[in-house]
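Structure data follow from model-v7.txt (compact mmCIF, C-alpha atoms):
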# COMPACT_ATOMS: atom_id res chain seq x y z
CA MET A 8 -22.93 -31.99 -50.12
CA ALA A 9 -25.01 -30.36 -47.38
CA GLN A 10 -27.95 -32.61 -48.25
CA ILE A 11 -25.73 -35.70 -48.03
CA ASN A 12 -24.42 -34.63 -44.61
CA LEU A 13 -28.00 -34.05 -43.43
CA LEU A 14 -29.03 -37.54 -44.55
CA LEU A 15 -25.99 -39.05 -42.82
CA ARG A 16 -26.83 -37.25 -39.56
CA GLU A 17 -30.45 -38.38 -39.74
CA SER A 18 -29.34 -41.94 -40.41
CA GLU A 19 -26.97 -41.88 -37.43
CA GLU A 20 -29.69 -40.43 -35.19
CA GLN A 21 -32.05 -43.21 -36.27
CA ARG A 22 -29.42 -45.86 -35.53
CA THR A 23 -28.74 -44.32 -32.12
CA ASP A 24 -32.47 -44.22 -31.34
CA PHE A 25 -32.88 -47.85 -32.44
CA ARG A 26 -29.97 -48.98 -30.25
CA SER A 27 -31.42 -47.08 -27.29
CA ARG A 28 -34.85 -48.67 -27.78
CA GLU A 29 -33.28 -52.11 -28.19
CA GLN A 30 -31.31 -51.74 -24.95
CA ALA A 31 -34.41 -50.54 -23.10
CA LEU A 32 -36.39 -53.52 -24.40
CA ARG A 33 -33.68 -55.93 -23.28
CA ARG A 34 -33.64 -54.39 -19.81
CA GLN A 35 -37.40 -54.68 -19.58
CA ILE A 36 -37.34 -58.31 -20.69
CA ALA A 37 -34.63 -59.03 -18.09
CA ASN A 38 -36.69 -57.30 -15.38
CA VAL A 39 -39.86 -59.18 -16.32
CA SER A 40 -37.98 -62.49 -16.34
CA HIS A 41 -36.48 -61.81 -12.92
CA ASP A 42 -39.75 -60.67 -11.36
CA LEU A 43 -41.57 -63.76 -12.58
CA ARG A 44 -38.74 -66.14 -11.74
CA THR A 45 -38.49 -65.05 -8.08
CA PRO A 46 -41.92 -66.30 -6.88
CA LEU A 47 -41.85 -69.23 -9.30
CA THR A 48 -38.52 -70.46 -7.89
CA SER A 49 -39.95 -70.20 -4.39
CA ILE A 50 -43.06 -72.21 -5.38
CA LEU A 51 -40.94 -74.98 -6.92
CA GLY A 52 -38.70 -75.09 -3.86
CA TYR A 53 -41.58 -75.54 -1.42
CA LEU A 54 -43.20 -78.13 -3.68
CA GLN A 55 -40.01 -80.18 -3.36
CA LEU A 56 -40.14 -79.81 0.42
CA LEU A 57 -43.69 -81.17 0.41
CA GLU A 58 -42.36 -84.44 -1.04
CA GLN A 59 -40.55 -85.24 2.23
CA GLU A 60 -42.23 -88.26 3.84
CA GLU A 61 -41.37 -87.24 7.40
CA LEU A 62 -42.97 -83.81 7.03
CA SER A 63 -45.36 -82.92 9.84
CA GLU A 64 -48.89 -81.75 9.13
CA GLU A 65 -48.06 -78.39 10.66
CA ASP A 66 -45.09 -77.90 8.33
CA ARG A 67 -47.10 -79.15 5.37
CA LYS A 68 -49.82 -76.59 6.04
CA SER A 69 -47.22 -73.85 6.47
CA TYR A 70 -45.55 -74.72 3.16
CA LEU A 71 -48.91 -74.81 1.36
CA ASP A 72 -49.75 -71.37 2.75
CA ILE A 73 -46.43 -70.04 1.45
CA ILE A 74 -47.02 -71.61 -1.96
CA GLU A 75 -50.48 -70.03 -2.15
CA ASN A 76 -49.03 -66.63 -1.20
CA ARG A 77 -46.29 -66.87 -3.85
CA ALA A 78 -48.84 -67.99 -6.45
CA ARG A 79 -50.97 -64.93 -5.71
CA VAL A 80 -47.88 -62.72 -6.06
CA LEU A 81 -47.18 -64.36 -9.41
CA GLN A 82 -50.78 -63.84 -10.51
CA SER A 83 -50.61 -60.18 -9.49
CA LEU A 84 -47.36 -59.66 -11.41
CA ILE A 85 -48.73 -61.21 -14.58
CA THR A 86 -51.88 -59.07 -14.29
CA SER A 87 -49.77 -55.92 -13.83
CA PHE A 88 -47.57 -56.70 -16.84
CA TYR A 89 -50.63 -57.40 -18.97
CA ASP A 90 -52.56 -54.33 -17.83
CA LEU A 91 -49.59 -52.00 -18.38
CA SER A 92 -49.04 -53.35 -21.90
CA ARG A 93 -52.74 -52.79 -22.69
CA LEU A 94 -52.62 -49.28 -21.27
CA GLU A 95 -49.58 -48.32 -23.31
CA ALA A 96 -51.17 -49.78 -26.44
CA GLY A 97 -54.37 -47.82 -25.83
CA GLU A 98 -56.36 -51.05 -25.45
CA TYR A 99 -57.45 -50.66 -21.82
CA PRO A 100 -61.18 -49.86 -21.65
CA ILE A 101 -61.88 -46.56 -19.86
CA THR A 102 -65.36 -45.15 -19.29
CA ARG A 103 -65.53 -41.58 -17.99
CA GLU A 104 -68.45 -41.15 -15.63
CA ILE A 105 -69.30 -39.24 -12.46
CA VAL A 106 -67.52 -40.88 -9.50
CA ASP A 107 -67.70 -40.11 -5.79
CA LEU A 108 -63.96 -39.96 -5.10
CA LYS A 109 -64.41 -39.61 -1.35
CA GLU A 110 -66.40 -42.87 -1.28
CA VAL A 111 -63.81 -44.70 -3.41
CA ILE A 112 -60.88 -43.69 -1.20
CA GLY A 113 -62.83 -44.22 2.02
CA THR A 114 -63.83 -47.76 1.02
CA LEU A 115 -60.23 -48.66 0.17
CA LEU A 116 -58.92 -47.24 3.45
CA ALA A 117 -61.45 -49.39 5.31
CA ALA A 118 -60.32 -52.48 3.35
CA PHE A 119 -56.66 -51.82 4.21
CA TYR A 120 -57.36 -50.60 7.76
CA ASP A 121 -55.52 -53.34 9.67
CA GLU A 122 -52.40 -53.17 7.48
CA LEU A 123 -52.25 -49.38 7.57
CA GLU A 124 -52.83 -49.08 11.32
CA GLY A 125 -50.21 -51.76 11.92
CA LYS A 126 -47.54 -49.73 10.15
CA PHE A 127 -48.45 -46.03 10.13
CA GLN A 128 -49.89 -43.23 12.11
CA VAL A 129 -52.64 -42.46 9.59
CA GLU A 130 -54.01 -38.95 9.07
CA VAL A 131 -56.99 -38.62 6.72
CA ASP A 132 -58.59 -35.39 5.48
CA LEU A 133 -61.49 -36.12 3.10
CA PRO A 134 -63.98 -33.21 3.27
CA GLU A 135 -67.65 -34.13 3.43
CA THR A 136 -68.33 -31.59 0.68
CA LEU A 137 -65.69 -33.00 -1.71
CA PRO A 138 -67.17 -32.82 -5.24
CA SER A 139 -67.45 -35.88 -7.46
CA VAL A 140 -65.04 -36.18 -10.41
CA TRP A 141 -65.02 -37.44 -13.97
CA GLY A 142 -63.30 -40.82 -14.18
CA ASP A 143 -63.61 -44.57 -14.47
CA ARG A 144 -64.50 -46.04 -11.07
CA ALA A 145 -62.56 -49.30 -11.54
CA ALA A 146 -59.51 -47.40 -12.77
CA LEU A 147 -59.70 -44.98 -9.84
CA GLU A 148 -59.90 -47.92 -7.43
CA ARG A 149 -56.81 -49.42 -9.09
CA ILE A 150 -54.91 -46.14 -8.83
CA TYR A 151 -55.57 -45.61 -5.14
CA THR A 152 -55.03 -49.29 -4.32
CA ASN A 153 -51.59 -49.01 -5.93
CA LEU A 154 -50.82 -45.87 -3.91
CA ILE A 155 -51.77 -47.60 -0.66
CA ARG A 156 -49.68 -50.65 -1.53
CA ASN A 157 -46.76 -48.45 -2.54
CA ALA A 158 -46.92 -46.72 0.86
CA LEU A 159 -47.10 -50.07 2.69
CA GLU A 160 -44.11 -51.35 0.70
CA HIS A 161 -41.85 -48.32 1.07
CA GLY A 162 -43.20 -45.89 3.66
CA THR A 163 -42.76 -45.37 7.41
CA GLY A 164 -43.91 -42.93 10.06
CA THR A 165 -47.03 -40.97 9.22
CA LEU A 166 -49.23 -41.61 6.20
CA THR A 167 -51.23 -38.54 5.24
CA ILE A 168 -54.16 -38.79 2.83
CA GLN A 169 -55.75 -35.55 1.75
CA ALA A 170 -58.27 -34.34 -0.81
CA ARG A 171 -59.33 -30.80 -1.65
CA CYS A 172 -61.22 -28.88 -4.29
CA LEU A 173 -59.22 -26.34 -6.30
CA GLY A 174 -61.49 -24.48 -8.68
CA GLN A 175 -62.65 -26.91 -11.35
CA GLU A 176 -60.32 -29.67 -10.16
CA VAL A 177 -60.18 -32.08 -7.23
CA GLU A 178 -56.68 -32.84 -5.96
CA THR A 179 -55.63 -35.79 -3.80
CA CYS A 180 -52.31 -36.27 -2.04
CA PHE A 181 -50.85 -39.46 -0.55
CA SER A 182 -47.77 -38.63 1.52
CA ASN A 183 -45.54 -40.88 3.65
CA GLY A 184 -42.18 -40.76 5.35
CA GLY A 185 -39.25 -43.08 4.93
CA ALA A 186 -38.53 -42.38 1.27
CA ALA A 187 -35.02 -43.42 0.24
CA LEU A 188 -35.15 -41.12 -2.76
CA LYS A 189 -33.02 -38.22 -3.93
CA GLY A 190 -34.09 -35.25 -5.97
CA ASP A 191 -32.78 -36.70 -9.23
CA ASP A 192 -34.87 -39.86 -8.66
CA LEU A 193 -38.13 -37.90 -8.69
CA PRO A 194 -38.55 -37.68 -12.50
CA HIS A 195 -38.24 -41.47 -12.72
CA VAL A 196 -40.62 -42.72 -10.02
CA PHE A 197 -43.36 -43.31 -12.60
CA ASP A 198 -41.01 -45.15 -14.99
CA ARG A 199 -41.62 -48.83 -15.60
CA PHE A 200 -39.52 -51.06 -13.31
CA PHE A 201 -38.04 -48.14 -11.35
CA THR A 202 -37.05 -49.19 -7.84
CA LYS A 203 -34.76 -47.03 -5.75
CA ASP A 204 -33.00 -49.91 -3.99
CA LYS A 205 -32.39 -51.74 -7.29
CA ILE A 206 -33.30 -54.96 -5.47
CA ARG A 207 -36.04 -56.84 -7.31
CA THR A 208 -37.86 -59.04 -4.82
CA GLY A 209 -40.90 -60.14 -6.80
CA HIS A 210 -43.02 -57.81 -4.65
CA ASN A 211 -41.15 -54.62 -5.53
CA THR A 212 -41.33 -54.52 -9.32
CA GLY A 213 -41.64 -50.81 -9.98
CA LEU A 214 -44.89 -51.27 -11.93
CA GLY A 215 -47.36 -49.85 -9.40
CA LEU A 216 -46.71 -46.16 -10.01
CA ALA A 217 -46.25 -46.71 -13.75
CA ILE A 218 -49.81 -48.06 -13.85
CA VAL A 219 -51.01 -45.11 -11.74
CA LYS A 220 -49.57 -42.69 -14.30
CA ALA A 221 -50.88 -44.58 -17.32
CA LEU A 222 -54.41 -44.84 -15.89
CA ALA A 223 -54.44 -41.17 -14.86
CA GLN A 224 -53.41 -40.10 -18.35
CA GLN A 225 -56.09 -42.28 -19.92
CA MET A 226 -58.70 -40.48 -17.79
CA LYS A 227 -57.30 -37.02 -18.63
CA GLY A 228 -56.05 -36.57 -15.09
CA ARG A 229 -52.71 -35.16 -13.92
CA VAL A 230 -50.22 -36.98 -11.70
CA TRP A 231 -46.92 -35.87 -10.22
CA ALA A 232 -44.61 -36.57 -7.30
CA GLU A 233 -42.96 -34.35 -4.72
CA LEU A 234 -40.15 -34.91 -2.24
CA ASP A 235 -39.62 -32.94 0.98
CA GLY A 236 -36.79 -34.43 3.00
CA ASP A 237 -37.76 -38.07 3.44
CA ARG A 238 -41.47 -37.39 2.79
CA PHE A 239 -42.64 -38.68 -0.56
CA SER A 240 -45.95 -37.50 -2.00
CA VAL A 241 -47.98 -38.57 -5.00
CA LEU A 242 -50.55 -36.03 -6.13
CA LEU A 243 -53.40 -36.51 -8.59
CA SER A 244 -55.74 -33.93 -10.04
CA TRP A 245 -59.13 -34.70 -11.61
CA LYS A 246 -61.77 -32.62 -13.36
CA ARG A 247 -64.69 -32.10 -10.99
CA ALA A 248 -68.06 -33.28 -12.23
Can you dump the structure from the file as structure tokens?
Amino acid sequence: MAQINLLLRESEEQRTDFRSREQALRRQIANVSHDLRTPLTSILGYLQLLEQEELSEEDRKSYLDIIENRARVLQSLITSFYDLSRLEAGEYPITREIVDLKEVIGTLLAAFYDELEGKFQVEVDLPETLPSVWGDRAALERIYTNLIRNALEHGTGTLTIQARCLGQEVETCFSNGGAALKGDDLPHVFDRFFTKDKIRTGHNTGLGLAIVKALAQQMKGRVWAELDGDRFSVLLSWKRA
């Protein structure tokens, strides 16, 4: 009888797990559909406006610029969905090599200079003697690009970017104010499709930090988040070369 009860419990646990996975898959499909539909609907709407015969050249150019912007958003979304699926399936190519992390971050900060200076008071602490790390350069560029974009999307006030050597590891910290998070949100910030405001705009899909975590794990790095008042920090730790 005990064996029968054990089999029944295991069967019920399996059914519960299957239902949970099925519900999660449905939510993800709904999120993907919404995130793709938002820019696509905008593109179709402006294409209809372009059909107006009385449209001025100035308005036509403005609408075309908007269409191009929405198309790029759509392209970025599709790339993110595809990359995350490859990462989770273990099919994303990663090559561990010696990388100058200071140079990677510095180059990205220069590329985003105008956007960052237009929104934040930026404080950067990248020591000249910062050791190189083991990682994939392209993946590291993707990680720190996502962190910068996440700050631009959600942060305010001061953006602090720090790096330091701790024994055999190199730790980086991206910290910004304006976080609308609570303590119980912190464990979920790296979840797929997590957005605090629950408003899916086509720009705010909740995939950026999920990709950061997946890439860090593929390179044997550590990633975690901290919250101090309204200051939100993402920290990454890499093996020094």
>> I'd like the neighbourhood of Ile101 in chain A as a list in words, where a residue qualifies if any of its atoms comes within 7 Å (using all atoms listed in the file), though same-chain residues fewer than 2 positions away should be ignored.
In response: Tyr99, Arg103 and Asp143 of chain A
>> Using Å and a single decimal, report how far CA of Ile155 in chain A sits from CA of Phe119 in chain A.
In response: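 These atoms are spaced 8.1 Å apart.
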> If we count only C-alpha atoms, what is near Leu47 in chain A at a cut-off of 9 Å, once residues fewer than 6 positions away on the same chain are taken out, given as a ChimeraX atom specification?
Replying inline: /A:77-78,81
Given only C-alpha atoms, how would the per-residue table for range 104-125 of chain A near range 157-164 of chain A read, listing every residue at most 12 Å away with its closest atom pair and distance in Å to one decimal, sorted by chain and number, as JSON lines?
{"residue": "A:Phe119", "atom": "CA", "partner": "A:Leu159", "partner_atom": "CA", "distance": 9.8}
{"residue": "A:Tyr120", "atom": "CA", "partner": "A:Leu159", "partner_atom": "CA", "distance": 11.5}
{"residue": "A:Asp121", "atom": "CA", "partner": "A:Leu159", "partner_atom": "CA", "distance": 11.4}
{"residue": "A:Glu122", "atom": "CA", "partner": "A:Leu159", "partner_atom": "CA", "distance": 7.8}
{"residue": "A:Leu123", "atom": "CA", "partner": "A:Leu159", "partner_atom": "CA", "distance": 7.1}
{"residue": "A:Glu124", "atom": "CA", "partner": "A:Leu159", "partner_atom": "CA", "distance": 10.4}
{"residue": "A:Gly125", "atom": "CA", "partner": "A:Leu159", "partner_atom": "CA", "distance": 9.9}
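Here CA of Ser92 in chain A stands at a distance of 15.1 Å from CA of Ala223 in chain A.
Across the structure, CA of Val129 in chain A and CA of Asp237 in chain A are spaced 16.7 Å apart.
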> Which polymer residues have any atom within 6 Å of an atom of Val106 in chain A, counting only C-alpha atoms, with same-chain residues fewer than 2 positions away left out, as a list in words?
Replying inline: Leu108, Ser139 and Val140 of chain A
> Neighbours of Ser240 in chain A within 6 Å (all atoms listed in the file; same-chain residues fewer than 3 positions away dropped), as a list in words?
Replying inline: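 Within the cut-off, the hits are Phe181, Ser182, Ala232 and Glu233 of chain A.
Remark: for Glu148 in chain A, the closest of the candidate residues A:Gln82, A:Thr167, A:Gln225, A:Thr114 is A:Thr114 (distances computed over only C-alpha atoms).
Using all atoms listed in the file, the smallest distance between any of A:Ser40, A:Gln175, A:Ser69, A:Asn153 and Ile112 in chain A comes from A:Asn153.
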> Between A:Leu222, A:Glu20, A:Ala9, A:Leu188, which is the closest to Ala145 in chain A once you count all atoms listed in the file?
Replying inline: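 Selected residue with least distance to Ala145 in chain A: A:Leu222.
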> So which residues are close to (-47.0, -76.2, 5.1), meaning at most 12 Å away in the file's coordinates with all atoms listed in the file counted, and can you show them as a ChimeraX atom specification?
Replying inline: /A:50,53-59,62-76
Export of the given selection (C-alpha atoms) as an mmCIF file, in the frame of the given file:
data_model
loop_
_atom_site.group_PDB
_atom_site.id
_atom_site.type_symbol
_atom_site.label_atom_id
_atom_site.label_comp_id
_atom_site.auth_asym_id
_atom_site.auth_seq_id
_atom_site.Cartn_x
_atom_site.Cartn_y
_atom_site.Cartn_z
ATOM 1 C CA ILE A 50 -43.060 -72.210 -5.380
ATOM 2 C CA TYR A 53 -41.580 -75.540 -1.420
ATOM 3 C CA LEU A 54 -43.200 -78.130 -3.680
ATOM 4 C CA GLN A 55 -40.010 -80.180 -3.360
ATOM 5 C CA LEU A 56 -40.140 -79.810 0.420
ATOM 6 C CA LEU A 57 -43.690 -81.170 0.410
ATOM 7 C CA GLU A 58 -42.360 -84.440 -1.040
ATOM 8 C CA GLN A 59 -40.550 -85.240 2.230
ATOM 9 C CA LEU A 62 -42.970 -83.810 7.030
ATOM 10 C CA SER A 63 -45.360 -82.920 9.840
ATOM 11 C CA GLU A 64 -48.890 -81.750 9.130
ATOM 12 C CA GLU A 65 -48.060 -78.390 10.660
ATOM 13 C CA ASP A 66 -45.090 -77.900 8.330
ATOM 14 C CA ARG A 67 -47.100 -79.150 5.370
ATOM 15 C CA LYS A 68 -49.820 -76.590 6.040
ATOM 16 C CA SER A 69 -47.220 -73.850 6.470
ATOM 17 C CA TYR A 70 -45.550 -74.720 3.160
ATOM 18 C CA LEU A 71 -48.910 -74.810 1.360
ATOM 19 C CA ASP A 72 -49.750 -71.370 2.750
ATOM 20 C CA ILE A 73 -46.430 -70.040 1.450
ATOM 21 C CA ILE A 74 -47.020 -71.610 -1.960
ATOM 22 C CA GLU A 75 -50.480 -70.030 -2.150
ATOM 23 C CA ASN A 76 -49.030 -66.630 -1.200
#
>> Counting only C-alpha atoms, which residues have an atom no more than 12 Å from (-57.6, -27.3, -4.8) in the file's coordinates? Please list them as a PyMOL selection string.
In response: chain A and resi 134+137-138+169-180+242-247
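Around Lys220 in chain A, within 10 Å and counting all atoms listed in the file, the residues found are A:Ile150, A:Val196, A:Phe197, A:Asp198, A:Gly228, A:Arg229, A:Val230, A:Trp231, A:Leu243, once anything fewer than 6 positions away on its own chain is removed.
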Could you put an axis-aligned box around every listed atom of range 58-76 of chain A, padded by 6 Å on each side, and send me its centre and edge lengths in Å to one decimal, as lines of an AutoDock Vina configuration file?
center_x = -45.5
center_y = -77.4
center_z = 4.3
size_x = 21.9
size_y = 33.6
size_z = 24.8
